[in-house]
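First comes the structure, then the notes that go with it.
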Amino acid sequence: MRAVVQLVSSARVRVDERLVSEIGRGLLVFAGVEQGDGPEDVRYIASKVRDLRIFEDAEGKMNLPVADAGGAVLVVSQFTLCGDCRKGRRPSFDLAASPAVARPIYDDLVSELRMLPLQVETGEFQAHMRVELVNDGPVTILLDSRRRW
(Lines give C-alpha, C1' and ligand atoms only; values in the text may rest on other atoms or scores of the structure.)
Protein backbone atom coordinates (compact mmCIF):
# COMPACT_ATOMS: atom_id res chain seq x y z
CA MET A 1 0.00 0.00 0.00
CA ARG A 2 1.20 3.44 -0.85
CA ALA A 3 0.10 6.74 0.61
CA VAL A 4 0.80 10.41 0.10
CA VAL A 5 0.20 12.36 3.29
CA GLN A 6 -0.20 16.12 3.13
CA LEU A 7 -0.45 18.49 6.06
CA VAL A 8 -3.37 20.77 5.20
CA SER A 9 -5.08 23.86 6.53
CA SER A 10 -8.24 22.56 4.84
CA ALA A 11 -9.30 19.98 2.27
CA ARG A 12 -12.52 18.91 0.60
CA VAL A 13 -13.75 16.36 -1.92
CA ARG A 14 -16.46 16.96 -4.50
CA VAL A 15 -18.10 14.55 -6.91
CA ASP A 16 -19.75 16.53 -9.68
CA GLU A 17 -21.05 19.55 -7.74
CA ARG A 18 -21.82 17.58 -4.56
CA LEU A 19 -19.62 18.12 -1.50
CA VAL A 20 -18.66 14.62 -0.28
CA SER A 21 -16.47 15.53 2.69
CA GLU A 22 -14.45 18.33 4.17
CA ILE A 23 -11.91 18.88 6.96
CA GLY A 24 -10.15 21.83 8.47
CA ARG A 25 -6.59 21.52 9.77
CA GLY A 26 -5.27 17.99 9.49
CA LEU A 27 -3.98 15.38 7.08
CA LEU A 28 -5.09 14.61 3.56
CA VAL A 29 -4.16 10.99 2.83
CA PHE A 30 -4.20 9.66 -0.73
CA ALA A 31 -4.11 5.85 -0.49
CA GLY A 32 -3.35 3.32 -3.24
CA VAL A 33 -3.91 -0.40 -2.72
CA GLU A 34 -1.59 -2.81 -4.51
CA GLN A 35 -2.07 -6.47 -5.36
CA GLY A 36 -1.09 -8.57 -2.37
CA ASP A 37 -1.84 -5.89 0.23
CA GLY A 38 -3.47 -7.08 3.43
CA PRO A 39 -3.87 -6.42 7.15
CA GLU A 40 -0.16 -5.77 7.78
CA ASP A 41 -0.06 -3.11 5.07
CA VAL A 42 -3.17 -1.45 6.52
CA ARG A 43 -1.70 -1.44 10.03
CA TYR A 44 1.60 -0.02 8.78
CA ILE A 45 0.02 2.87 6.87
CA ALA A 46 -2.55 3.60 9.61
CA SER A 47 0.13 3.68 12.31
CA LYS A 48 2.32 5.99 10.26
CA VAL A 49 -0.57 8.36 9.56
CA ARG A 50 -1.60 8.27 13.22
CA ASP A 51 1.90 8.76 14.63
CA LEU A 52 3.65 11.06 12.13
CA ARG A 53 4.98 13.96 14.18
CA ILE A 54 4.60 16.68 11.57
CA PHE A 55 2.44 19.26 13.38
CA GLU A 56 4.17 22.12 15.17
CA ASP A 57 4.35 22.12 18.95
CA ALA A 58 4.37 25.25 21.14
CA GLU A 59 8.02 25.84 20.20
CA GLY A 60 7.34 25.71 16.45
CA LYS A 61 9.00 22.30 15.98
CA MET A 62 7.44 19.45 14.02
CA ASN A 63 6.71 17.32 17.03
CA LEU A 64 3.00 16.49 17.30
CA PRO A 65 0.87 13.77 15.70
CA VAL A 66 -2.50 14.67 14.20
CA ALA A 67 -4.63 13.70 17.23
CA ASP A 68 -2.46 15.72 19.65
CA ALA A 69 -2.69 18.71 17.32
CA GLY A 70 -6.50 18.48 17.25
CA GLY A 71 -6.51 17.74 13.53
CA ALA A 72 -8.70 15.61 11.29
CA VAL A 73 -7.91 13.11 8.52
CA LEU A 74 -9.39 12.93 5.03
CA VAL A 75 -8.65 9.61 3.27
CA VAL A 76 -9.01 9.49 -0.52
CA SER A 77 -8.58 6.32 -2.57
CA GLN A 78 -6.15 6.85 -5.46
CA PHE A 79 -5.16 3.79 -7.51
CA THR A 80 -2.80 5.89 -9.63
CA LEU A 81 -0.31 5.85 -6.73
CA CYS A 82 0.36 2.25 -7.80
CA GLY A 83 1.38 3.33 -11.29
CA ASP A 84 4.74 2.29 -12.69
CA CYS A 85 6.32 4.82 -15.05
CA ARG A 86 9.71 3.20 -15.52
CA LYS A 87 8.95 2.02 -19.08
CA GLY A 88 7.76 4.39 -21.77
CA ARG A 89 5.44 7.30 -21.17
CA ARG A 90 2.18 5.61 -20.26
CA PRO A 91 1.96 4.43 -16.64
CA SER A 92 1.27 0.76 -16.04
CA PHE A 93 -1.29 0.03 -13.34
CA ASP A 94 -0.66 -3.72 -13.29
CA LEU A 95 0.37 -3.55 -9.61
CA ALA A 96 -2.86 -1.85 -8.54
CA ALA A 97 -5.41 -4.10 -6.87
CA SER A 98 -8.74 -4.49 -8.66
CA PRO A 99 -11.57 -2.38 -7.23
CA ALA A 100 -13.21 -5.50 -5.75
CA VAL A 101 -10.01 -6.29 -3.84
CA ALA A 102 -9.00 -2.71 -3.06
CA ARG A 103 -12.33 -1.52 -1.62
CA PRO A 104 -12.31 -3.67 1.55
CA ILE A 105 -8.64 -2.89 2.18
CA TYR A 106 -9.30 0.84 1.79
CA ASP A 107 -12.30 0.46 4.13
CA ASP A 108 -10.05 -1.33 6.64
CA LEU A 109 -7.60 1.59 6.54
CA VAL A 110 -10.41 4.04 7.25
CA SER A 111 -11.74 1.81 10.07
CA GLU A 112 -8.28 1.54 11.61
CA LEU A 113 -7.92 5.34 11.61
CA ARG A 114 -11.41 5.77 13.07
CA MET A 115 -10.32 3.86 16.18
CA LEU A 116 -8.68 7.09 17.31
CA PRO A 117 -10.46 9.93 19.00
CA LEU A 118 -10.23 11.74 15.69
CA GLN A 119 -12.46 13.03 12.90
CA VAL A 120 -11.90 10.81 9.83
CA GLU A 121 -13.61 11.65 6.53
CA THR A 122 -13.38 9.92 3.16
CA GLY A 123 -13.66 10.50 -0.52
CA GLU A 124 -15.97 8.40 -2.67
CA PHE A 125 -14.41 5.13 -3.76
CA GLN A 126 -14.13 4.71 -7.56
CA ALA A 127 -15.68 8.11 -8.29
CA HIS A 128 -14.16 10.90 -10.34
CA MET A 129 -13.36 13.29 -7.49
CA ARG A 130 -12.24 16.87 -7.35
CA VAL A 131 -9.95 17.30 -4.37
CA GLU A 132 -9.30 20.81 -3.12
CA LEU A 133 -6.61 21.40 -0.53
CA VAL A 134 -4.51 24.05 1.08
CA ASN A 135 -1.15 22.40 1.74
CA ASP A 136 0.36 23.83 4.91
CA GLY A 137 4.12 24.24 4.88
CA PRO A 138 4.09 22.65 2.35
CA VAL A 139 4.51 19.30 4.07
CA THR A 140 4.13 16.15 1.96
CA ILE A 141 5.23 12.68 3.12
CA LEU A 142 5.42 9.51 0.99
CA LEU A 143 4.63 6.16 2.62
CA ASP A 144 5.06 2.65 1.23
CA SER A 145 4.10 -0.36 3.35
CA ARG A 146 6.60 -2.49 1.44
CA ARG A 147 9.32 0.03 2.29
CA ARG A 148 10.65 0.33 -1.27
CA TRP A 149 11.45 4.00 -0.65
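Naming scheme: A, B, ... for chains in displayed order of the C-alpha coordinates; residues 1 onward per chain; ligands 1 onward as shown.
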Exercise. Running DSSP on the backbone, which parts of region 21-141 of chain A land in helix (DSSP H, G or I), as a ChimeraX atom specification?
Worked result: /A:39-51,79-82,99-113
Region 7-36 of chain A near region 116-121 of chain A within 12 Å: what's each residue's closest atom pair and its distance in Å to one decimal, counting only C-alpha atoms, ordered by chain then ascending residue number, as a Markdown table?
| residue | atom | partner | partner_atom | distance |
| --- | --- | --- | --- | --- |
| A:Ala11 | CA | A:Glu121 | CA | 10.3 |
| A:Arg12 | CA | A:Glu121 | CA | 9.4 |
| A:Val13 | CA | A:Glu121 | CA | 9.7 |
| A:Leu19 | CA | A:Glu121 | CA | 11.9 |
| A:Val20 | CA | A:Glu121 | CA | 9.0 |
| A:Ser21 | CA | A:Glu121 | CA | 6.2 |
| A:Glu22 | CA | A:Glu121 | CA | 7.1 |
| A:Ile23 | CA | A:Glu121 | CA | 7.4 |
| A:Gly24 | CA | A:Gln119 | CA | 10.1 |
| A:Arg25 | CA | A:Gln119 | CA | 10.8 |
| A:Gly26 | CA | A:Gln119 | CA | 9.4 |
| A:Leu27 | CA | A:Val120 | CA | 9.5 |
| A:Leu28 | CA | A:Glu121 | CA | 9.5 |
| A:Val29 | CA | A:Glu121 | CA | 10.2 |
Let's have the selection written as a PDB file, in the first residue's frame, with N, CA and C atoms.
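Here's the written file result14.pdb:
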ATOM      1  N   ALA A  11      -9.190  20.821   3.463  1.00  0.00           N
ATOM      2  CA  ALA A  11      -9.303  19.978   2.275  1.00  0.00           C
ATOM      3  C   ALA A  11     -10.755  19.562   2.123  1.00  0.00           C
ATOM      4  N   ARG A  12     -11.160  19.368   0.865  1.00  0.00           N
ATOM      5  CA  ARG A  12     -12.524  18.911   0.603  1.00  0.00           C
ATOM      6  C   ARG A  12     -12.546  18.074  -0.667  1.00  0.00           C
ATOM      7  N   VAL A  13     -13.555  17.223  -0.753  1.00  0.00           N
ATOM      8  CA  VAL A  13     -13.750  16.363  -1.919  1.00  0.00           C
ATOM      9  C   VAL A  13     -15.138  16.623  -2.482  1.00  0.00           C
ATOM     10  N   LEU A  19     -20.681  18.190  -2.491  1.00  0.00           N
ATOM     11  CA  LEU A  19     -19.616  18.121  -1.496  1.00  0.00           C
ATOM     12  C   LEU A  19     -19.726  16.777  -0.781  1.00  0.00           C
ATOM     13  N   VAL A  20     -18.675  15.959  -0.882  1.00  0.00           N
ATOM     14  CA  VAL A  20     -18.665  14.624  -0.279  1.00  0.00           C
ATOM     15  C   VAL A  20     -18.146  14.690   1.147  1.00  0.00           C
ATOM     16  N   SER A  21     -17.045  15.407   1.350  1.00  0.00           N
ATOM     17  CA  SER A  21     -16.475  15.525   2.690  1.00  0.00           C
ATOM     18  C   SER A  21     -15.549  16.726   2.743  1.00  0.00           C
ATOM     19  N   GLU A  22     -15.256  17.133   3.977  1.00  0.00           N
ATOM     20  CA  GLU A  22     -14.451  18.330   4.174  1.00  0.00           C
ATOM     21  C   GLU A  22     -13.820  18.280   5.563  1.00  0.00           C
ATOM     22  N   ILE A  23     -12.574  18.737   5.653  1.00  0.00           N
ATOM     23  CA  ILE A  23     -11.907  18.876   6.956  1.00  0.00           C
ATOM     24  C   ILE A  23     -11.245  20.248   7.028  1.00  0.00           C
ATOM     25  N   GLY A  24     -10.975  20.652   8.246  1.00  0.00           N
ATOM     26  CA  GLY A  24     -10.149  21.835   8.466  1.00  0.00           C
ATOM     27  C   GLY A  24      -8.703  21.371   8.591  1.00  0.00           C
ATOM     28  N   ARG A  25      -8.003  21.873   9.559  1.00  0.00           N
ATOM     29  CA  ARG A  25      -6.595  21.519   9.774  1.00  0.00           C
ATOM     30  C   ARG A  25      -6.451  20.021  10.000  1.00  0.00           C
ATOM     31  N   GLY A  26      -5.485  19.416   9.309  1.00  0.00           N
ATOM     32  CA  GLY A  26      -5.273  17.987   9.491  1.00  0.00           C
ATOM     33  C   GLY A  26      -4.420  17.388   8.408  1.00  0.00           C
ATOM     34  N   LEU A  27      -4.738  16.140   8.076  1.00  0.00           N
ATOM     35  CA  LEU A  27      -3.979  15.380   7.082  1.00  0.00           C
ATOM     36  C   LEU A  27      -4.891  14.931   5.953  1.00  0.00           C
ATOM     37  N   LEU A  28      -4.454  15.173   4.737  1.00  0.00           N
ATOM     38  CA  LEU A  28      -5.088  14.608   3.558  1.00  0.00           C
ATOM     39  C   LEU A  28      -4.244  13.406   3.168  1.00  0.00           C
ATOM     40  N   VAL A  29      -4.875  12.226   3.122  1.00  0.00           N
ATOM     41  CA  VAL A  29      -4.158  10.987   2.832  1.00  0.00           C
ATOM     42  C   VAL A  29      -4.704  10.393   1.535  1.00  0.00           C
TER      43      VAL A  29
END
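Atom pair CA of Leu109 (chain A) / CA of Met129 (chain A): separated by 19.2 Å.
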Exercise. Contacts of region 143-149 of chain A at 12 Å or less, counting only C-alpha atoms, minus same-chain residues fewer than 2 places along, as a PyMOL selection string?
Worked result: chain A and resi 1-6+29-49+52+81-82+140-141
Output N, CA and C atoms of each residue in that selection to a file, as a CSV table (one decimal), in the first residue's frame.
chain,number,residue,atom,x,y,z
A,1,MET,N,0.8,-1.2,0.0
A,1,MET,CA,0.0,0.0,0.0
A,1,MET,C,0.9,1.2,0.0
A,2,ARG,N,0.5,2.2,-0.8
A,2,ARG,CA,1.2,3.4,-0.8
A,2,ARG,C,0.3,4.6,-0.4
A,3,ALA,N,0.9,5.6,0.2
A,3,ALA,CA,0.1,6.7,0.6
A,3,ALA,C,0.9,8.0,0.4
A,4,VAL,N,0.2,9.1,0.1
A,4,VAL,CA,0.8,10.4,0.1
A,4,VAL,C,0.0,11.2,1.2
A,5,VAL,N,0.8,11.7,2.1
A,5,VAL,CA,0.2,12.4,3.3
A,5,VAL,C,0.6,13.8,3.2
A,6,GLN,N,-0.4,14.7,3.2
A,6,GLN,CA,-0.2,16.1,3.1
A,6,GLN,C,-0.8,16.8,4.4
A,29,VAL,N,-4.9,12.2,3.1
A,29,VAL,CA,-4.2,11.0,2.8
A,29,VAL,C,-4.7,10.4,1.5
A,30,PHE,N,-3.9,10.4,0.5
A,30,PHE,CA,-4.2,9.7,-0.7
A,30,PHE,C,-3.7,8.2,-0.6
A,31,ALA,N,-4.5,7.2,-0.7
A,31,ALA,CA,-4.1,5.8,-0.5
A,31,ALA,C,-4.3,5.0,-1.7
A,32,GLY,N,-3.3,4.2,-2.1
A,32,GLY,CA,-3.3,3.3,-3.2
A,32,GLY,C,-3.1,1.9,-2.8
A,33,VAL,N,-4.0,1.0,-3.1
A,33,VAL,CA,-3.9,-0.4,-2.7
A,33,VAL,C,-3.3,-1.2,-3.9
A,34,GLU,N,-2.3,-2.0,-3.5
A,34,GLU,CA,-1.6,-2.8,-4.5
A,34,GLU,C,-2.0,-4.3,-4.4
A,35,GLN,N,-1.8,-5.0,-5.4
A,35,GLN,CA,-2.1,-6.5,-5.4
A,35,GLN,C,-1.2,-7.1,-4.2
A,36,GLY,N,-1.8,-7.9,-3.5
A,36,GLY,CA,-1.1,-8.6,-2.4
A,36,GLY,C,-1.1,-7.8,-1.0
A,37,ASP,N,-1.7,-6.6,-1.0
A,37,ASP,CA,-1.8,-5.9,0.2
A,37,ASP,C,-2.8,-6.6,1.1
A,38,GLY,N,-2.6,-6.5,2.4
A,38,GLY,CA,-3.5,-7.1,3.4
A,38,GLY,C,-3.4,-6.4,4.7
A,39,PRO,N,-3.8,-7.0,5.8
A,39,PRO,CA,-3.9,-6.4,7.1
A,39,PRO,C,-2.6,-5.8,7.6
A,40,GLU,N,-1.4,-6.4,7.3
A,40,GLU,CA,-0.2,-5.8,7.8
A,40,GLU,C,0.1,-4.4,7.1
A,41,ASP,N,-0.2,-4.4,5.8
A,41,ASP,CA,-0.1,-3.1,5.1
A,41,ASP,C,-1.0,-2.0,5.6
A,42,VAL,N,-2.2,-2.4,5.9
A,42,VAL,CA,-3.2,-1.5,6.5
A,42,VAL,C,-2.7,-0.9,7.9
A,43,ARG,N,-2.2,-1.8,8.7
A,43,ARG,CA,-1.7,-1.4,10.0
A,43,ARG,C,-0.5,-0.5,9.9
A,44,TYR,N,0.4,-0.8,9.0
A,44,TYR,CA,1.6,0.0,8.8
A,44,TYR,C,1.2,1.4,8.4
A,45,ILE,N,0.4,1.5,7.4
A,45,ILE,CA,0.0,2.9,6.9
A,45,ILE,C,-0.8,3.6,7.9
A,46,ALA,N,-1.7,2.9,8.6
A,46,ALA,CA,-2.5,3.6,9.6
A,46,ALA,C,-1.7,4.1,10.8
A,47,SER,N,-0.7,3.3,11.2
A,47,SER,CA,0.1,3.7,12.3
A,47,SER,C,1.0,4.9,11.9
A,48,LYS,N,1.5,4.9,10.7
A,48,LYS,CA,2.3,6.0,10.3
A,48,LYS,C,1.5,7.3,10.2
A,49,VAL,N,0.3,7.2,9.6
A,49,VAL,CA,-0.6,8.4,9.6
A,49,VAL,C,-0.9,8.8,11.0
A,52,LEU,N,2.7,10.1,12.7
A,52,LEU,CA,3.7,11.1,12.1
A,52,LEU,C,3.7,12.4,12.9
A,81,LEU,N,-1.5,5.9,-7.5
A,81,LEU,CA,-0.3,5.8,-6.7
A,81,LEU,C,0.4,4.5,-7.0
A,82,CYS,N,-0.3,3.5,-7.5
A,82,CYS,CA,0.4,2.3,-7.8
A,82,CYS,C,0.9,2.2,-9.2
A,140,THR,N,4.6,17.3,2.7
A,140,THR,CA,4.1,16.2,2.0
A,140,THR,C,5.1,15.0,2.3
A,141,ILE,N,4.5,13.9,2.7
A,141,ILE,CA,5.2,12.7,3.1
A,141,ILE,C,4.8,11.5,2.3
For this session: Report the residues of chain A whose backbone DSSP state falls under strand (DSSP E or B), written as a PyMOL selection string.
Result: chain A and resi 2-15+18-23+26-32+34+55-56+62-64+72-77+84+92+96+120-122+129-144
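Each of A:Ile105, A:Ala127, A:Val110, A:Ala72 was compared to Ser9 (chain A) using only C-alpha atoms, and A:Ala72 turns out to be the nearest.
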Exercise. Do you have the CA of Arg130 (chain A)-CA of Asp16 (chain A) distance handy?
Worked result: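 That distance, rounded to one decimal, is 7.9 Å.
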Exercise. CA of Asp51 (chain A) and CA of Ser77 (chain A) are how many Å apart?
Worked result: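 Answer for the CA of Asp51 (chain A) to CA of Ser77 (chain A) separation: 20.3 Å.
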For this session: Can you work out which one of A:Val8, A:Val139, A:Val131, A:Leu95 has the shortest atom-to-atom distance to Val76 (chain A), counting only C-alpha atoms?
Result: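 Among the listed residues, A:Val131 lies closest to Val76 (chain A).
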